[in-house]
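Below you'll find the structure, written out as structure tokens, and then a few comments.
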Amino acid sequence: MGRTMPEPWVAVDKVARHLGVAKDSVYRWIETKSLPAHRVGRLWKFKLSEIDEWVHAGGAGQDHDNKGKEKK
């Protein structure tokens, strides 16, 4: 009684849908912005709670890599 199910691991496509971005953005953020991801063989797996924490901490914010692009 009172057992909670562990959070499932999800794939790149689910993270992209969750954030409303392209899968390419997810892969780029793994490389350039330390998106929390775990390699399982050839696949990347994620916990959506970790992704949400990363977003709230400003991990998806614009940085100096976006030179020439202005916020609107």
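By convention in this document, the chains of the structure tokens carry letters A, B, ... by their order, each chain's residues are numbered from 1, and ligands are numbered from 1 in the order they are shown.
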In chain A, DSSP strand (DSSP E or B) residues written as a ChimeraX atom specification: /A:10,38-40,43-46
Same residues, C-alpha atoms, output as an mmCIF file, in the first residue's frame:
data_model
loop_
_atom_site.group_PDB
_atom_site.id
_atom_site.type_symbol
_atom_site.label_atom_id
_atom_site.label_comp_id
_atom_site.auth_asym_id
_atom_site.auth_seq_id
_atom_site.Cartn_x
_atom_site.Cartn_y
_atom_site.Cartn_z
ATOM 1 C CA VAL A 10 11.379 8.416 -22.111
ATOM 2 C CA HIS A 38 21.414 9.254 -19.959
ATOM 3 C CA ARG A 39 22.953 7.073 -22.643
ATOM 4 C CA VAL A 40 21.549 3.536 -22.824
ATOM 5 C CA LEU A 43 19.857 5.601 -27.293
ATOM 6 C CA TRP A 44 19.357 8.672 -25.133
ATOM 7 C CA LYS A 45 16.843 8.344 -22.290
ATOM 8 C CA PHE A 46 15.372 11.030 -20.068
#
Within 9 Å of Glu7 (chain A) using only C-alpha atoms, minus same-chain residues under 6 positions, as an NGL selection string: :A and (47-49)
Just to be explicit: take each residue in the selection above, keep C-alpha atoms, and write the result as an mmCIF file, in the first residue's frame.
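Output file out_36.cif follows:
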data_model
loop_
_atom_site.group_PDB
_atom_site.id
_atom_site.type_symbol
_atom_site.label_atom_id
_atom_site.label_comp_id
_atom_site.auth_asym_id
_atom_site.auth_seq_id
_atom_site.Cartn_x
_atom_site.Cartn_y
_atom_site.Cartn_z
ATOM 1 C CA LYS A 47 13.277 11.606 -16.960
ATOM 2 C CA LEU A 48 10.741 14.358 -17.641
ATOM 3 C CA SER A 49 11.086 15.609 -14.059
#
Nearby residues (only C-alpha atoms) at most 9 Å from Trp29 (chain A), same-chain spacing under 5 positions excluded, as a PDB file with N, CA and C atoms, in the first residue's frame:
ATOM      1  N   ASP A  24      15.995  17.602 -33.189  1.00  0.00           N
ATOM      2  CA  ASP A  24      17.345  18.148 -33.395  1.00  0.00           C
ATOM      3  C   ASP A  24      17.744  19.102 -32.277  1.00  0.00           C
ATOM      4  N   SER A  34      24.020  21.002 -21.682  1.00  0.00           N
ATOM      5  CA  SER A  34      23.946  20.055 -20.561  1.00  0.00           C
ATOM      6  C   SER A  34      22.530  19.609 -20.226  1.00  0.00           C
ATOM      7  N   LEU A  35      21.730  19.368 -21.251  1.00  0.00           N
ATOM      8  CA  LEU A  35      20.407  18.800 -21.026  1.00  0.00           C
ATOM      9  C   LEU A  35      20.586  17.469 -20.312  1.00  0.00           C
ATOM     10  N   GLY A  59      18.100  26.361 -18.084  1.00  0.00           N
ATOM     11  CA  GLY A  59      18.946  25.603 -18.994  1.00  0.00           C
ATOM     12  C   GLY A  59      18.620  25.794 -20.456  1.00  0.00           C
ATOM     13  N   ALA A  60      17.370  26.098 -20.783  1.00  0.00           N
ATOM     14  CA  ALA A  60      16.967  26.249 -22.177  1.00  0.00           C
ATOM     15  C   ALA A  60      17.025  27.698 -22.625  1.00  0.00           C
TER      16      ALA A  60
END
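Relative to CA of Arg42 (chain A), CA of Val55 (chain A) is found at 24.7 Å.
Within chain A, DSSP applied to the backbone places the following residues in alpha helix (DSSP H): Val12, Asp13, Lys14, Val15, Ala16, Arg17, His18, Leu19, Lys23, Asp24, Ser25, Val26, Tyr27, Arg28, Trp29, Ile30, Glu31, Thr32, Leu48, Ser49, Glu50, Ile51, Asp52, Glu53, Trp54, Val55 and His56 of chain A.
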Near-Pro36 (chain A) list (8 Å; only C-alpha atoms; drop same-chain fewer than 4 positions) as a count of residues only: 5
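Minimum distance to Ala11 (chain A) across A:Glu31, A:Ser25, A:Ala57, A:Ala37 (counting only C-alpha atoms) occurs at A:Ala37.
CA of Val21 (chain A) is found 16.9 Å from CA of Glu53 (chain A).
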Length of the CA of Gly61 (chain A) to CA of Asp13 (chain A) vector [Å]: 20.4 Å
Residues within 9 Å of Leu19 (chain A), only C-alpha atoms, excluding chain neighbours under 4 positions, as JSON, numbers by chain: {"A": [14, 15, 51, 52]}
